[in-house]
Amino acid sequence: MTVEVVVTGVGAISAIGDDAAASHDALVAGRCGIQVRPGTDVAGARPTLQAAIGDGSAIGATRLEQRKWDRATAFAMHAARGAWAMAGAPAVDPERLAVAVSGAFPGYLSLMRIVEDFAAKGSFALTAASIPRTMVNAQAVNIAIELGARGGSYAPNSACASASDAIALGYRLIVSGEADVVVVGGADAPLHPVMLAGFQAMRALSGNIGEPHLASRPLDRRRDGFVMGEGAGVLVLEALDFARSRQAKPMAMLRGFGATSDGHHLVAPHPGGVAASSAMRKALERAGVGRHEVTAISAHCTGTPVGDAAESTAITRLFGAHTGGIAVTATKSAIGHTIGASGALAAVLACCGLQERVVAPVLGFHESDPGVELDIVHGSPRYLSVDRKQVSLVNAFGFGGQNVSLCFSEP
Amino acid sequence: MISLTEETFTKMFEEALLEVLGEIPDGVGFDSRFSDLKIDSLSRLEVMTILEGRLQTRVDDSMLQKIDSGRDMFLLLTGTPIKEDA
């Protein structure tokens with residue numbers, strides 16, 4: 001028997017909104033969350049572009065929670081609570097409720113703080129909560145503890161594809177019959193001077209300090225790198241039959257996923273986009289969706305010259321003559337690159353877009369690379385036809401050649 | 001073993017409790033039992049490690065399980081045997 005997977009709740013926090021609906025509304029309205037913020041070196045002399053959330057007061061964590069949670073874990077908990085509430089807090093057998101939530105650098109800010117305190121004050125600077133804050137699986141297990149989930153908690157780590165791998169794992173758990181409900185997604189909060197300096201050293205970041213609103217311009221011919229952001233996206237996945245049994249109303253279907261590896265380079269994508277293209281093809285095959293049926297793609301495109309070119313090639317390679325009929329967007333122009341959380345945030349925003357039949361514009365986009373013929377949504381949002389079932393691919397690619405493509409559709 | 005007045009330690013204990021809990025519930029003080037505070041074992045250990053850091057000393061691991069209040073901590077740190085509950 002084929003098990004179908006639906007999305008019944010989404011939650012998020014980003015530089016442009018404290019929850020999923022606010023983030024999506026701001027995205028469609030063309031709001032940019034990127035700002036110039038204090039610098040990356042020890043003296044703070046070199047300013048950087050960041051898509052930051054602020055003091056995090058919207059999360060409303062208690063003092064006890066703050067002491068046990070890294071900033072990324074707090075984001076994940078906030079998004080999970082939002083998603084769970086939207087799903088109507090499903091009454092599910094705890095052994096059939098699982099969690100798969102992760103980022104690329106879970107606990108990073110806490111780890112850096114511990115190292116700084118240790119260097120300044122020695123071992124007495126550490127407390128009993130120091131290590132729990134830095135656990136790589138902290139997001140997943142804290143959600144599992146809060147929900148009482150006993151069906152497994154997982155924290156896959158695959159760089160910037162981490163949260164998308166977590167979503168794919170949730171899909172597998174439901175389709176294999178191991179779980180009825182899985183809370184999936186991820187969070188990252190990597191905005192630390194060391195992290196920013198490291199990516200600067202790789203020449204991966206935009207240097208367009210003078211024009212923050214144009215700094216993250218995926219797919220534009222003048223793009224010069226990405227802008228680091230922070231945030232979280234969480235989805236509640238359910239077996240369709242289970243959702244029906246409790247009269248839950250799905251907002252989208254997760255039709256399938258494709259995951260591949262480049263097997264090529266530690267940080268550079270394969271220039272031909274072969275494995276990235278295969279990830280999208282596998283997602284469509286698993287979903288039983290034809291290439292001509294895809295209406296939108298939320299590209300991973302971060303704004304780096306090499307990465308965006310490779311993804312453009314991968315899309316064209318797969319869709320061929322159908323390429324021009326697909327509305328392509330990229331969320332990172334508004335919310336920055338949220339690293340391991342980026343796939344989950346894009347998935348949440350794509351599900352919101354499916355509900356409203358709209359594709360948000362790529363901010364700062366004016367002109368494609370020569371020869372690229374993607375239909376890139378820009379200038380204003382694109383409202384899609386009600387006569388055609390909407391199908392969106394959401395891509396997330398990570399260092400090391402990690403490629404995950406998720407296929408969502410209207411219910 | 002360290003030299004410390006009960007008054008000084010009580011103030012430090014309340015500060016540590018405030019740091020961990022964010023607020024000190026009514027009626028909670030130096031003699032309150034942790035087991036009555038509805039905080040988990042990790043948070044209890046947080047209070048202990050904060051105090052260890054302030055006092056620059058470590059409590060012997062084997063004694064930790066005997067601590068169930070601020071007074072127990074004070075007695076342990078000052079070298080006074082903790083009375084076992086009857």
# chains A, B, ... in the order shown; residues from 1 in each chain; ligands from 1
$ interface_residues --of "chain A" --to "chain B" --cutoff "10 Å" --atoms "only C-alpha atoms" --output "count of residues only"
18
$ residues_around --residues "region 147-157 of chain A" --least-positions-apart "5" --cutoff "8 Å" --atoms "only C-alpha atoms" --output "MDAnalysis selection string"
chainID A and resid 94:104 136:137 139:141 162:163 165:166 178:179
$ residues_around --residues "Gly177 (chain A)" --least-positions-apart "3" --cutoff "10 Å" --atoms "only C-alpha atoms" --output "ChimeraX atom specification"
/A:2-3,96,172-174,180,239
$ residues_around --residues "Ser409 (chain A)" --least-positions-apart "2" --cutoff "6 Å" --atoms "only C-alpha atoms" --output "MDAnalysis selection string"
chainID A and resid 252:253 390:391
$ write_last_selection --atoms "N, CA and C atoms" --output "mmCIF file, in the first residue's frame"
data_model
loop_
_atom_site.group_PDB
_atom_site.id
_atom_site.type_symbol
_atom_site.label_atom_id
_atom_site.label_comp_id
_atom_site.auth_asym_id
_atom_site.auth_seq_id
_atom_site.Cartn_x
_atom_site.Cartn_y
_atom_site.Cartn_z
ATOM 1 N N ALA A 252 -0.248 21.062 2.365
ATOM 2 C CA ALA A 252 0.545 20.643 1.195
ATOM 3 C C ALA A 252 0.827 19.159 1.303
ATOM 4 N N MET A 253 1.283 18.588 0.203
ATOM 5 C CA MET A 253 1.758 17.202 0.218
ATOM 6 C C MET A 253 3.260 17.200 -0.019
ATOM 7 N N GLN A 390 -0.432 22.982 -8.542
ATOM 8 C CA GLN A 390 0.899 23.559 -8.311
ATOM 9 C C GLN A 390 1.839 22.514 -7.713
ATOM 10 N N VAL A 391 3.011 22.407 -8.306
ATOM 11 C CA VAL A 391 4.045 21.482 -7.833
ATOM 12 C C VAL A 391 5.346 22.250 -7.701
#
$ closest_residue --among "B:Leu4, B:Leu76, B:Leu17, B:Met12" --to "Ser62 (chain B)" --atoms "only C-alpha atoms"
B:Leu76
$ residues_around --residues "region 27-36 of chain A" --least-positions-apart "3" --cutoff "10 Å" --atoms "only C-alpha atoms" --output "number ranges by chain"
A: 14-17, 21-24, 39, 47-53, 208-216, 227-229, 331-336, 349, 353, 358-364, 378-382
$ closest_residue --among "B:Asp36, B:Val59, B:Thr5, B:Pro25" --to "Met73 (chain B)" --atoms "only C-alpha atoms"
B:Val59
$ closest_residue --among "A:Phe399, A:Phe319, A:Phe226, A:Trp69" --to "Asn142 (chain A)" --atoms "only C-alpha atoms"
A:Trp69
$ atom_distance --atom1 "CA of Arg357 (chain A)" --atom2 "CA of Gly371 (chain A)"
28.9 Å
$ atom_distance --atom1 "CA of Val115 (chain A)" --atom2 "CA of Arg203 (chain A)"
25.7 Å
$ closest_residue --among "A:Ala120, A:Pro38, A:Leu237, A:Ser206" --to "Val181 (chain A)" --atoms "only C-alpha atoms"
A:Leu237
$ closest_residue --among "A:Asp188, A:Val10, A:Val183, A:Arg133" --to "Tyr171 (chain A)" --atoms "only C-alpha atoms"
A:Val183
$ atom_distance --atom1 "CA of Glu410 (chain A)" --atom2 "CA of Gln355 (chain A)"
7.1 Å
$ residues_around --residues "region 258-270 of chain A" --least-positions-apart "6" --cutoff "6 Å" --atoms "only C-alpha atoms" --output "PyMOL selection string"
chain A and resi 279-280+282-283+399-405
$ select_by_dssp --residues "region 193-384 of chain A" --states "alpha helix (DSSP H)" --output "MDAnalysis selection string"
chainID A and resid 193:201 212:215 240:245 274:287 305:319 332:335 342:356
$ select_by_dssp --residues "region 269-406 of chain A" --states "strand (DSSP E or B)" --output "list in words"
Ala296, Ile297, Ser298, Ala327, Val328, Thr329, His337, Val358, Val359, Asp375, Ile376, Arg382, Tyr383, Val391, Ser392, Leu393, Val394, Asn395, Ala396, Phe397, Gly398, Gln402, Asn403, Val404, Ser405 and Leu406 of chain A
